[in-house]
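**Q** So here's model12.cif, just mmCIF, C-alpha atoms and all ligand atoms:
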```cif
data_entry
loop_
_atom_site.group_PDB
_atom_site.id
_atom_site.type_symbol
_atom_site.label_atom_id
_atom_site.label_comp_id
_atom_site.auth_asym_id
_atom_site.auth_seq_id
_atom_site.Cartn_x
_atom_site.Cartn_y
_atom_site.Cartn_z
ATOM 1 C CA MET A 1285 -24.279 -0.336 -6.881
ATOM 2 C CA ARG A 1286 -25.602 3.184 -6.313
ATOM 3 C CA ASN A 1287 -23.064 5.982 -6.674
ATOM 4 C CA LEU A 1288 -22.665 8.207 -3.646
ATOM 5 C CA LEU A 1289 -20.854 10.826 -5.717
ATOM 6 C CA GLU A 1290 -19.886 11.232 -9.320
ATOM 7 C CA LEU A 1291 -17.018 13.358 -10.574
ATOM 8 C CA LYS A 1292 -17.191 14.572 -14.146
ATOM 9 C CA ASP A 1293 -14.313 16.325 -15.947
ATOM 10 C CA ILE A 1294 -12.980 17.921 -12.762
ATOM 11 C CA GLY A 1295 -10.285 20.570 -13.156
ATOM 12 C CA PHE A 1296 -8.609 22.770 -10.589
ATOM 13 C CA SER A 1297 -5.727 25.283 -10.416
ATOM 14 C CA TYR A 1298 -4.239 27.220 -7.514
ATOM 15 C CA HIS A 1299 -3.803 30.907 -8.188
ATOM 16 C CA ASN A 1300 -1.379 33.140 -6.339
ATOM 17 C CA LEU A 1301 0.969 36.067 -6.913
ATOM 18 C CA HIS A 1302 3.471 33.870 -8.753
ATOM 19 C CA GLY A 1303 0.885 32.630 -11.202
ATOM 20 C CA GLU A 1304 -1.117 29.486 -11.677
ATOM 21 C CA THR A 1305 -0.458 25.903 -10.550
ATOM 22 C CA ARG A 1306 -2.583 23.428 -12.465
ATOM 23 C CA ALA A 1307 -3.309 20.608 -9.997
ATOM 24 C CA ILE A 1308 -6.210 18.572 -11.452
ATOM 25 C CA GLU A 1309 -7.068 17.989 -15.102
ATOM 26 C CA ASN A 1310 -10.164 16.329 -16.495
ATOM 27 C CA ILE A 1311 -10.789 13.709 -13.800
ATOM 28 C CA SER A 1312 -13.978 11.631 -13.940
ATOM 29 C CA PHE A 1313 -15.033 8.671 -11.812
ATOM 30 C CA GLY A 1314 -17.924 7.473 -9.703
ATOM 31 C CA ILE A 1315 -17.776 6.536 -6.036
ATOM 32 C CA GLY A 1316 -20.126 3.666 -5.171
ATOM 33 C CA VAL A 1317 -21.849 3.476 -1.795
ATOM 34 C CA GLY A 1318 -19.722 1.300 0.487
ATOM 35 C CA GLU A 1319 -16.765 1.197 -1.892
ATOM 36 C CA PHE A 1320 -13.192 1.299 -0.594
ATOM 37 C CA ILE A 1321 -11.101 3.195 -3.167
ATOM 38 C CA ALA A 1322 -7.356 3.797 -3.018
ATOM 39 C CA VAL A 1323 -5.768 6.673 -4.925
ATOM 40 C CA VAL A 1324 -2.080 6.499 -5.837
ATOM 41 C CA GLY A 1325 0.096 8.946 -7.739
ATOM 42 C CA PRO A 1326 3.477 10.689 -7.655
ATOM 43 C CA SER A 1327 4.109 13.065 -4.791
ATOM 44 C CA GLY A 1328 2.872 16.598 -5.521
ATOM 45 C CA CYS A 1329 0.585 15.459 -8.347
ATOM 46 C CA GLY A 1330 -2.668 16.723 -6.843
ATOM 47 C CA LYS A 1331 -3.967 13.885 -4.625
ATOM 48 C CA SER A 1332 -4.685 16.047 -1.568
ATOM 49 C CA THR A 1333 -6.285 18.636 -3.837
ATOM 50 C CA LEU A 1334 -8.640 15.971 -5.179
ATOM 51 C CA LEU A 1335 -9.503 14.946 -1.621
ATOM 52 C CA SER A 1336 -10.177 18.563 -0.642
ATOM 53 C CA ILE A 1337 -12.583 18.815 -3.578
ATOM 54 C CA LEU A 1338 -14.345 15.643 -2.411
ATOM 55 C CA ALA A 1339 -14.474 17.058 1.119
ATOM 56 C CA GLY A 1340 -16.163 20.174 -0.242
ATOM 57 C CA LEU A 1341 -13.265 22.343 0.985
ATOM 58 C CA LEU A 1342 -12.323 23.389 -2.556
ATOM 59 C CA THR A 1343 -14.706 24.073 -5.429
ATOM 60 C CA PRO A 1344 -13.632 22.657 -8.787
ATOM 61 C CA GLU A 1345 -13.040 25.269 -11.490
ATOM 62 C CA GLN A 1346 -14.135 22.889 -14.227
ATOM 63 C CA GLY A 1347 -16.524 19.962 -14.163
ATOM 64 C CA THR A 1348 -19.127 18.801 -11.685
ATOM 65 C CA VAL A 1349 -19.498 16.721 -8.556
ATOM 66 C CA THR A 1350 -22.963 15.141 -8.554
ATOM 67 C CA VAL A 1351 -24.657 13.803 -5.434
ATOM 68 C CA HIS A 1352 -26.913 10.756 -5.780
ATOM 69 C CA ASN A 1353 -29.239 10.625 -2.804
ATOM 70 C CA PRO A 1354 -32.020 8.003 -2.923
ATOM 71 C CA ASP A 1355 -34.581 10.704 -2.056
ATOM 72 C CA GLY A 1356 -33.338 12.914 -4.890
ATOM 73 C CA SER A 1357 -32.186 15.647 -2.513
ATOM 74 C CA LEU A 1358 -28.971 17.588 -3.126
ATOM 75 C CA ARG A 1359 -27.669 17.160 0.434
ATOM 76 C CA TYR A 1360 -23.899 16.581 0.346
ATOM 77 C CA PRO A 1361 -22.777 13.465 2.256
ATOM 78 C CA ARG A 1362 -21.297 13.968 5.730
ATOM 79 C CA VAL A 1363 -17.529 13.770 5.364
ATOM 80 C CA GLY A 1364 -14.943 12.497 7.843
ATOM 81 C CA TYR A 1365 -11.287 13.375 7.291
ATOM 82 C CA MET A 1366 -8.211 11.559 8.638
ATOM 83 C CA LEU A 1367 -4.811 13.075 8.001
ATOM 84 C CA GLN A 1368 -1.194 12.004 8.057
ATOM 85 C CA HIS A 1369 -0.757 12.688 11.752
ATOM 86 C CA ASP A 1370 -3.340 11.625 14.279
ATOM 87 C CA HIS A 1371 -3.606 15.218 15.615
ATOM 88 C CA LEU A 1372 -4.601 14.183 19.096
ATOM 89 C CA PHE A 1373 -4.231 16.983 21.651
ATOM 90 C CA GLU A 1374 -1.859 16.179 24.463
ATOM 91 C CA TRP A 1375 -3.597 18.506 26.914
ATOM 92 C CA ARG A 1376 -6.819 16.519 26.591
ATOM 93 C CA SER A 1377 -7.521 12.998 27.814
ATOM 94 C CA VAL A 1378 -8.123 10.266 25.224
ATOM 95 C CA TYR A 1379 -11.846 10.540 25.912
ATOM 96 C CA LYS A 1380 -11.856 14.336 25.541
ATOM 97 C CA ASN A 1381 -10.013 13.859 22.245
ATOM 98 C CA VAL A 1382 -12.468 11.377 20.757
ATOM 99 C CA ILE A 1383 -15.478 13.584 21.559
ATOM 100 C CA LEU A 1384 -13.754 16.726 20.250
ATOM 101 C CA GLY A 1385 -15.583 16.656 16.896
ATOM 102 C CA LEU A 1386 -18.938 16.215 18.638
ATOM 103 C CA GLU A 1387 -18.101 19.152 20.877
ATOM 104 C CA ILE A 1388 -17.050 21.449 18.045
ATOM 105 C CA HIS A 1389 -20.080 20.594 15.930
ATOM 106 C CA HIS A 1390 -22.474 20.709 18.901
ATOM 107 C CA HIS A 1391 -23.535 17.110 18.378
ATOM 108 C CA MET A 1392 -23.157 15.857 21.941
ATOM 109 C CA THR A 1393 -26.376 13.873 21.795
ATOM 110 C CA GLU A 1394 -27.039 10.790 23.888
ATOM 111 C CA GLU A 1395 -27.002 8.648 20.755
ATOM 112 C CA ARG A 1396 -23.612 9.940 19.540
ATOM 113 C CA LEU A 1397 -22.034 9.621 22.989
ATOM 114 C CA GLU A 1398 -23.348 6.066 23.338
ATOM 115 C CA TYR A 1399 -21.821 5.249 19.943
ATOM 116 C CA VAL A 1400 -18.477 6.615 21.165
ATOM 117 C CA GLU A 1401 -18.729 4.395 24.258
ATOM 118 C CA GLN A 1402 -19.390 1.377 22.044
ATOM 119 C CA LEU A 1403 -16.382 2.167 19.831
ATOM 120 C CA LEU A 1404 -14.138 2.677 22.885
ATOM 121 C CA ARG A 1405 -15.168 -0.794 24.086
ATOM 122 C CA ASP A 1406 -14.936 -2.449 20.637
ATOM 123 C CA TYR A 1407 -11.535 -0.911 19.880
ATOM 124 C CA GLY A 1408 -10.049 -1.774 23.270
ATOM 125 C CA LEU A 1409 -9.607 1.848 24.371
ATOM 126 C CA GLU A 1410 -12.030 1.802 27.292
ATOM 127 C CA LYS A 1411 -9.306 1.444 29.906
ATOM 128 C CA PHE A 1412 -7.205 4.208 28.320
ATOM 129 C CA ARG A 1413 -9.978 6.816 28.302
ATOM 130 C CA ASN A 1414 -8.413 8.959 31.018
ATOM 131 C CA LYS A 1415 -4.834 8.654 29.712
ATOM 132 C CA ARG A 1416 -3.019 11.265 27.671
ATOM 133 C CA PRO A 1417 -2.362 10.527 23.951
ATOM 134 C CA SER A 1418 1.402 10.177 24.572
ATOM 135 C CA GLU A 1419 0.678 7.192 26.827
ATOM 136 C CA LEU A 1420 -0.834 5.267 23.895
ATOM 137 C CA SER A 1421 0.968 3.127 21.309
ATOM 138 C CA GLY A 1422 1.000 4.312 17.677
ATOM 139 C CA GLY A 1423 -1.748 1.839 16.839
ATOM 140 C CA MET A 1424 -3.943 2.917 19.741
ATOM 141 C CA LYS A 1425 -3.510 6.573 18.786
ATOM 142 C CA GLN A 1426 -4.749 5.792 15.279
ATOM 143 C CA ARG A 1427 -7.705 3.911 16.770
ATOM 144 C CA ALA A 1428 -8.518 6.950 18.903
ATOM 145 C CA ALA A 1429 -8.261 9.201 15.835
ATOM 146 C CA LEU A 1430 -10.597 6.819 13.998
ATOM 147 C CA ILE A 1431 -13.167 6.929 16.807
ATOM 148 C CA ARG A 1432 -13.066 10.729 16.733
ATOM 149 C CA THR A 1433 -13.724 10.626 12.970
ATOM 150 C CA LEU A 1434 -16.493 8.006 13.199
ATOM 151 C CA ALA A 1435 -18.208 9.771 16.113
ATOM 152 C CA LEU A 1436 -19.816 12.228 13.672
ATOM 153 C CA ASP A 1437 -21.223 9.314 11.642
ATOM 154 C CA PRO A 1438 -19.638 10.326 8.309
ATOM 155 C CA GLU A 1439 -21.033 8.823 5.093
ATOM 156 C CA LEU A 1440 -17.754 9.352 3.259
ATOM 157 C CA LEU A 1441 -14.382 8.770 4.912
ATOM 158 C CA LEU A 1442 -11.382 10.522 3.380
ATOM 159 C CA LEU A 1443 -7.941 9.363 4.479
ATOM 160 C CA ASP A 1444 -4.931 11.350 3.289
ATOM 161 C CA GLU A 1445 -1.845 9.147 3.705
ATOM 162 C CA PRO A 1446 -2.999 8.379 7.244
ATOM 163 C CA PHE A 1447 -0.163 5.999 8.085
ATOM 164 C CA SER A 1448 2.814 7.648 6.406
ATOM 165 C CA ALA A 1449 4.158 9.126 9.662
ATOM 166 C CA LEU A 1450 4.622 5.610 11.093
ATOM 167 C CA ASP A 1451 7.721 3.471 10.686
ATOM 168 C CA TYR A 1452 7.397 0.604 8.201
ATOM 169 C CA GLN A 1453 6.700 -2.244 10.607
ATOM 170 C CA THR A 1454 4.179 -0.288 12.690
ATOM 171 C CA ARG A 1455 2.601 0.942 9.498
ATOM 172 C CA LEU A 1456 1.964 -2.595 8.208
ATOM 173 C CA MET A 1457 0.211 -3.561 11.430
ATOM 174 C CA VAL A 1458 -1.676 -0.317 11.975
ATOM 175 C CA SER A 1459 -2.926 0.107 8.401
ATOM 176 C CA ALA A 1460 -4.202 -3.486 8.384
ATOM 177 C CA ASP A 1461 -5.868 -2.978 11.762
ATOM 178 C CA ILE A 1462 -7.471 0.391 11.027
ATOM 179 C CA CYS A 1463 -8.657 -0.614 7.576
ATOM 180 C CA ARG A 1464 -10.214 -3.824 8.933
ATOM 181 C CA LEU A 1465 -12.129 -1.717 11.482
ATOM 182 C CA ILE A 1466 -13.189 0.774 8.800
ATOM 183 C CA ARG A 1467 -14.379 -2.028 6.509
ATOM 184 C CA ALA A 1468 -16.502 -3.406 9.319
ATOM 185 C CA THR A 1469 -18.397 -0.090 9.407
ATOM 186 C CA GLY A 1470 -19.397 -0.509 5.732
ATOM 187 C CA LYS A 1471 -18.589 3.169 5.081
ATOM 188 C CA THR A 1472 -17.583 4.583 1.718
ATOM 189 C CA VAL A 1473 -13.837 5.223 1.862
ATOM 190 C CA ILE A 1474 -11.211 6.999 -0.218
ATOM 191 C CA ILE A 1475 -7.660 6.510 0.930
ATOM 192 C CA ILE A 1476 -4.588 8.173 -0.523
ATOM 193 C CA THR A 1477 -1.402 6.179 -0.265
ATOM 194 C CA HIS A 1478 1.883 6.014 -2.137
ATOM 195 C CA ASP A 1479 2.283 2.345 -1.206
ATOM 196 C CA LEU A 1480 1.004 0.136 -4.060
ATOM 197 C CA SER A 1481 0.974 -3.011 -1.904
ATOM 198 C CA GLU A 1482 -1.094 -1.221 0.702
ATOM 199 C CA ALA A 1483 -3.517 -0.049 -1.993
ATOM 200 C CA ILE A 1484 -3.962 -3.542 -3.466
ATOM 201 C CA SER A 1485 -4.378 -5.254 -0.116
ATOM 202 C CA LEU A 1486 -6.905 -2.744 1.233
ATOM 203 C CA ALA A 1487 -9.012 -1.470 -1.633
ATOM 204 C CA ASP A 1488 -11.802 -2.640 -3.944
ATOM 205 C CA ARG A 1489 -10.477 -0.316 -6.617
ATOM 206 C CA VAL A 1490 -7.212 1.512 -7.212
ATOM 207 C CA ILE A 1491 -7.132 4.799 -9.097
ATOM 208 C CA VAL A 1492 -3.758 5.781 -10.551
ATOM 209 C CA LEU A 1493 -3.087 9.465 -11.167
ATOM 210 C CA SER A 1494 -0.454 10.966 -13.454
ATOM 211 C CA GLY A 1495 2.156 13.524 -12.458
ATOM 212 C CA ARG A 1496 0.902 17.095 -11.998
ATOM 213 C CA PRO A 1497 -1.585 18.094 -13.167
ATOM 214 C CA ALA A 1498 -3.225 14.890 -11.964
ATOM 215 C CA ARG A 1499 -5.096 13.036 -14.680
ATOM 216 C CA LEU A 1500 -6.744 9.661 -14.305
ATOM 217 C CA LYS A 1501 -4.370 7.080 -15.760
ATOM 218 C CA ARG A 1502 -5.972 3.866 -14.595
ATOM 219 C CA ASP A 1503 -9.036 2.775 -12.636
ATOM 220 C CA LEU A 1504 -8.433 -0.844 -11.672
ATOM 221 C CA PRO A 1505 -10.923 -3.053 -9.797
ATOM 222 C CA ILE A 1506 -9.208 -5.455 -7.378
ATOM 223 C CA HIS A 1507 -10.506 -8.972 -6.783
ATOM 224 C CA LEU A 1508 -8.294 -11.116 -4.587
ATOM 225 C CA THR A 1509 -9.212 -14.782 -4.257
ATOM 226 C CA LEU A 1510 -8.576 -15.108 -0.584
ATOM 227 C CA LEU A 1511 -10.790 -16.248 2.235
ATOM 228 C CA SER A 1512 -9.183 -14.108 4.908
ATOM 229 C CA ASP A 1513 -10.248 -10.495 5.333
ATOM 230 C CA ASP A 1514 -6.830 -9.711 6.799
ATOM 231 C CA PRO A 1515 -5.108 -7.114 4.574
ATOM 232 C CA LEU A 1516 -1.710 -8.577 5.456
ATOM 233 C CA ALA A 1517 -2.751 -12.041 4.273
ATOM 234 C CA ALA A 1518 -4.090 -10.411 1.104
ATOM 235 C CA ARG A 1519 -0.482 -9.868 0.041
ATOM 236 C CA ASN A 1520 -0.187 -13.637 -0.457
ATOM 237 C CA ALA A 1521 -3.108 -13.837 -2.879
ATOM 238 C CA PRO A 1522 -2.078 -15.388 -6.205
ATOM 239 C CA GLU A 1523 -3.211 -12.289 -8.167
ATOM 240 C CA PHE A 1524 -1.259 -9.880 -5.993
ATOM 241 C CA ASN A 1525 1.868 -9.657 -8.166
ATOM 242 C CA GLN A 1526 -0.130 -9.234 -11.342
ATOM 243 C CA TYR A 1527 -1.998 -6.278 -9.845
ATOM 244 C CA PHE A 1528 1.247 -4.828 -8.569
ATOM 245 C CA ASN A 1529 2.838 -5.006 -12.030
ATOM 246 C CA THR A 1530 -0.217 -3.540 -13.736
ATOM 247 C CA LEU A 1531 -0.325 -0.607 -11.308
ATOM 248 C CA TRP A 1532 3.424 -0.074 -11.427
ATOM 249 C CA GLU A 1533 3.272 0.069 -15.212
ATOM 250 C CA ALA A 1534 0.403 2.568 -15.096
ATOM 251 C CA LEU A 1535 2.235 4.695 -12.555
ATOM 252 C CA THR A 1536 5.524 4.820 -14.462
ATOM 253 C CA SER A 1537 4.276 4.835 -18.060
ATOM 254 C CA GLU A 1538 4.838 7.920 -20.213
ATOM 255 C CA GLU A 1539 1.842 10.099 -20.860
ATOM 256 C CA PRO A 1540 0.263 9.483 -24.249
HETATM 257 P P1 LIG A 1601 -0.152 15.630 -3.442
HETATM 258 O O1 LIG A 1601 -1.140 15.508 -2.329
HETATM 259 O O2 LIG A 1601 -0.400 14.675 -4.569
HETATM 260 O O3 LIG A 1601 1.249 15.518 -2.956
HETATM 261 P P2 LIG A 1601 -1.206 18.352 -3.624
HETATM 262 O O4 LIG A 1601 -2.612 18.156 -4.042
HETATM 263 O O5 LIG A 1601 -0.970 18.660 -2.192
HETATM 264 O O6 LIG A 1601 -0.321 17.090 -4.094
HETATM 265 O O7 LIG A 1601 -0.571 19.535 -4.469
HETATM 266 C C1 LIG A 1601 -0.583 19.555 -5.896
HETATM 267 C C2 LIG A 1601 0.182 20.756 -6.395
HETATM 268 O O8 LIG A 1601 -0.457 21.959 -5.991
HETATM 269 C C3 LIG A 1601 1.592 20.843 -5.815
HETATM 270 O O9 LIG A 1601 2.447 21.317 -6.839
HETATM 271 C C4 LIG A 1601 1.472 21.847 -4.710
HETATM 272 O O10 LIG A 1601 2.687 22.549 -4.521
HETATM 273 C C5 LIG A 1601 0.403 22.770 -5.223
HETATM 274 N N1 LIG A 1601 -0.376 23.355 -4.118
HETATM 275 C C6 LIG A 1601 -0.993 22.677 -3.119
HETATM 276 N N2 LIG A 1601 -1.649 23.511 -2.291
HETATM 277 C C7 LIG A 1601 -1.448 24.758 -2.783
HETATM 278 C C8 LIG A 1601 -1.849 26.077 -2.391
HETATM 279 N N3 LIG A 1601 -2.633 26.251 -1.322
HETATM 280 N N4 LIG A 1601 -1.433 27.125 -3.128
HETATM 281 C C9 LIG A 1601 -0.656 26.937 -4.220
HETATM 282 N N5 LIG A 1601 -0.240 25.739 -4.651
HETATM 283 C C10 LIG A 1601 -0.617 24.670 -3.961
HETATM 284 MG MG MG A 1602 -0.849 15.155 -0.296
#
```
What is this file in structure tokens?

**A**
Amino acid sequence: MRNLLELKDIGFSYHNLHGETRAIENISFGIGVGEFIAVVGPSGCGKSTLLSILAGLLTPEQGTVTVHNPDGSLRYPRVGYMLQHDHLFEWRSVYKNVILGLEIHHHMTEERLEYVEQLLRDYGLEKFRNKRPSELSGGMKQRAALIRTLALDPELLLLDEPFSALDYQTRLMVSADICRLIRATGKTVIIITHDLSEAISLADRVIVLSGRPARLKRDLPIHLTLLSDDPLAARNAPEFNQYFNTLWEALTSEEP
């Protein structure tokens, strides 16, 4: 598998009047094209910082992020970002919300708009296009937020605890639904979650970070022997508990 990006010995600190906060220490891993990677770690350890580095919003102080384009160019992949809250604007219709990114980036081409129409149809939002976000269910809002993110045709999707604002039951349904839709796009995905079960059921690989400053504690490939591609059914795979225990141990183990 070709790597889309490769992180090597990444380090980062925040600097302000009160001093320095070391957030990332010596993190290295590759991100394969089409891979679905989950990142878990204690709250405040540096997960969002790592994502901001991958998004190109922060520049690492140490180490390198290498791009591997087939044509050898140094063009950074197009990044799509989905955050904790769907951030749909109530004063805009659902349709005006999903084309917001295209508007801001001046990408309102026929091709992009046709893609948005296709996603609205595929995701069952066609008949809600003129509604306001508050008229949608939690799941439909997340679908709308996903369409807005996909509209710009990102090559790398970054999701920062995208479902943590939802109650538990809704979250189970919505995360399974959204991740199934994302998988179908074949995009490269990095999702931050603090839910180990969610990570195992959704991802090809789970990366465990230590407490702050975040170091890489474990990089575990996940292979579930299950015919269904339903992330909820994945929780019944025979290997599920083993993975859970391995990750839990990595998460709670003392630093060497
Ligand atoms: P996580 O996403 O894992 O909860 P973050 O990456 O958001 O953690 O933050 C890691 C550490 O860096 C935390 O201690 C946080 O308080 C600190 N931090 C985050 N953003 C800033 C900032 N802009 N300025 C100073 N410190 C920050
Ligand atoms: Mg965070």

**Q** Taking the file as shown, find all residues satisfying the PyMOL selection byres (((chain A and resi 1333-1339) around 10) and not hetatm) and write them as a ChimeraX atom specification.

**A** /A:1289-1291,1294-1298,1307-1308,1311,1323,1328-1332,1340-1344,1349,1360-1365,1440-1444,1474-1476,1498

**Q** Give as an MDAnalysis selection string the residues that the PyMOL selection byres (((chain A and resi 1513-1522) around 10) and not hetatm) matches when applied to the coordinates above.

**A** chainID A and resid 1456:1457 1459:1461 1463:1464 1467 1481:1487 1507:1512 1523:1527

**Q** When you count only C-alpha atoms and all ligand atoms, which of these residues is closest to ligand LIG 1601 (chain A): A:Ile1466, A:Leu1531, A:Ile1315, A:Val1492?

**A**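 Once distances to ligand LIG 1601 (chain A) are computed over only C-alpha atoms and all ligand atoms, the minimum belongs to A:Val1492.
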
**Q** Given the file shown, determine the residues that the PyMOL selection byres (((chain A and resi 1396) around 10) and not hetatm) selects; report them as a list of chain:residue names.

**A** A:Ile1383, A:Leu1386, A:His1391, A:Met1392, A:Thr1393, A:Glu1394, A:Glu1395, A:Leu1397, A:Glu1398, A:Tyr1399, A:Val1400, A:Glu1401, A:Gln1402, A:Leu1434, A:Ala1435, A:Leu1436, A:Asp1437

**Q** Store the residues picked out above, limited to C-alpha atoms, as a short mmCIF file (atom, residue, chain, number, x, y, z; two decimals), in the coordinates of the input.

**A**
```cif
data_model
loop_
_atom_site.label_atom_id
_atom_site.label_comp_id
_atom_site.auth_asym_id
_atom_site.auth_seq_id
_atom_site.Cartn_x
_atom_site.Cartn_y
_atom_site.Cartn_z
CA ILE A 1383 -15.48 13.58 21.56
CA LEU A 1386 -18.94 16.22 18.64
CA HIS A 1391 -23.54 17.11 18.38
CA MET A 1392 -23.16 15.86 21.94
CA THR A 1393 -26.38 13.87 21.80
CA GLU A 1394 -27.04 10.79 23.89
CA GLU A 1395 -27.00 8.65 20.76
CA LEU A 1397 -22.03 9.62 22.99
CA GLU A 1398 -23.35 6.07 23.34
CA TYR A 1399 -21.82 5.25 19.94
CA VAL A 1400 -18.48 6.62 21.16
CA GLU A 1401 -18.73 4.39 24.26
CA GLN A 1402 -19.39 1.38 22.04
CA LEU A 1434 -16.49 8.01 13.20
CA ALA A 1435 -18.21 9.77 16.11
CA LEU A 1436 -19.82 12.23 13.67
CA ASP A 1437 -21.22 9.31 11.64
#
```

**Q** With distances taken over all atoms listed in the file, which residue among A:Met1285, A:Val1324, A:Met1424, A:Leu1404 lies nearest ligand LIG 1601 (chain A)?

**A** A:Val1324

**Q** At what distance in Å, to one decimal, does CA of Pro1497 (chain A) lie from atom N3 of ligand LIG 1601 (chain A)?

**A**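 So the two atoms, atom N3 of ligand LIG 1601 (chain A) and CA of Pro1497 (chain A), lie 14.4 Å apart.
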
**Q** To one decimal place in Å, what is the distance between atom N2 of ligand LIG 1601 (chain A) and CA of His1299 (chain A)?

**A**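 Interatomic distance here is 9.7 Å.
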
**Q** Which is closer to ligand LIG 1601 (chain A) than all the others in A:Val1473, A:Leu1367, A:Leu1358, A:Val1378, using all atoms listed in the file?

**A** A:Leu1367

**Q** Could you work out how far CA of Ile1491 (chain A) lies from atom MG of ligand MG 1602 (chain A), giving the answer in Å with one decimal?

**A** 15.0 Å

**Q** Name the closest residue to ligand LIG 1601 (chain A) among the candidates A:Lys1292, A:His1302, A:Arg1427, A:Arg1405; distances are taken between atoms, counting all atoms listed in the file.

**A**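 Counting all atoms listed in the file, the residue closest to ligand LIG 1601 (chain A) is A:His1302.
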
**Q** Nearest residue to Leu1409 (chain A) out of A:Ser1357, A:Ser1377, A:Gln1453, A:Asn1287, using all atoms listed in the file?

**A**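 Under the stated criterion, the closest residue is A:Ser1377.
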
**Q** Please determine, counting all atoms listed in the file, which residue among A:Asp1451, A:Glu1319, A:Glu1345, A:Glu1445 has the shortest atom-to-atom distance to ligand LIG 1601 (chain A).

**A**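 The answer is A:Glu1445, which sits nearest to ligand LIG 1601 (chain A).
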
**Q** Using only the atoms of region 1301-1317 of chain A listed in the file, plus 3 Å on each side, state the axis-aligned box centre and edge lengths in Å rounded to one decimal, as JSON.

**A**
```
{"center_x": -9.2, "center_y": 19.8, "center_z": -9.1, "size_x": 31.3, "size_y": 38.6, "size_z": 20.7}
```

**Q** Do a neighbour search on Lys1415 (chain A) at 12 Å with all atoms listed in the file, toss out local chain neighbours closer than 5 positions, and write the hits as a list in words.

**A**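 These residues fall inside the cut-off: Leu1372, Phe1373, Glu1374, Trp1375, Arg1376, Ser1377, Val1378, Tyr1379, Lys1380, Asn1381, Leu1409, Glu1410, Leu1420, Ser1421, Met1424, Lys1425 and Ala1428 of chain A.
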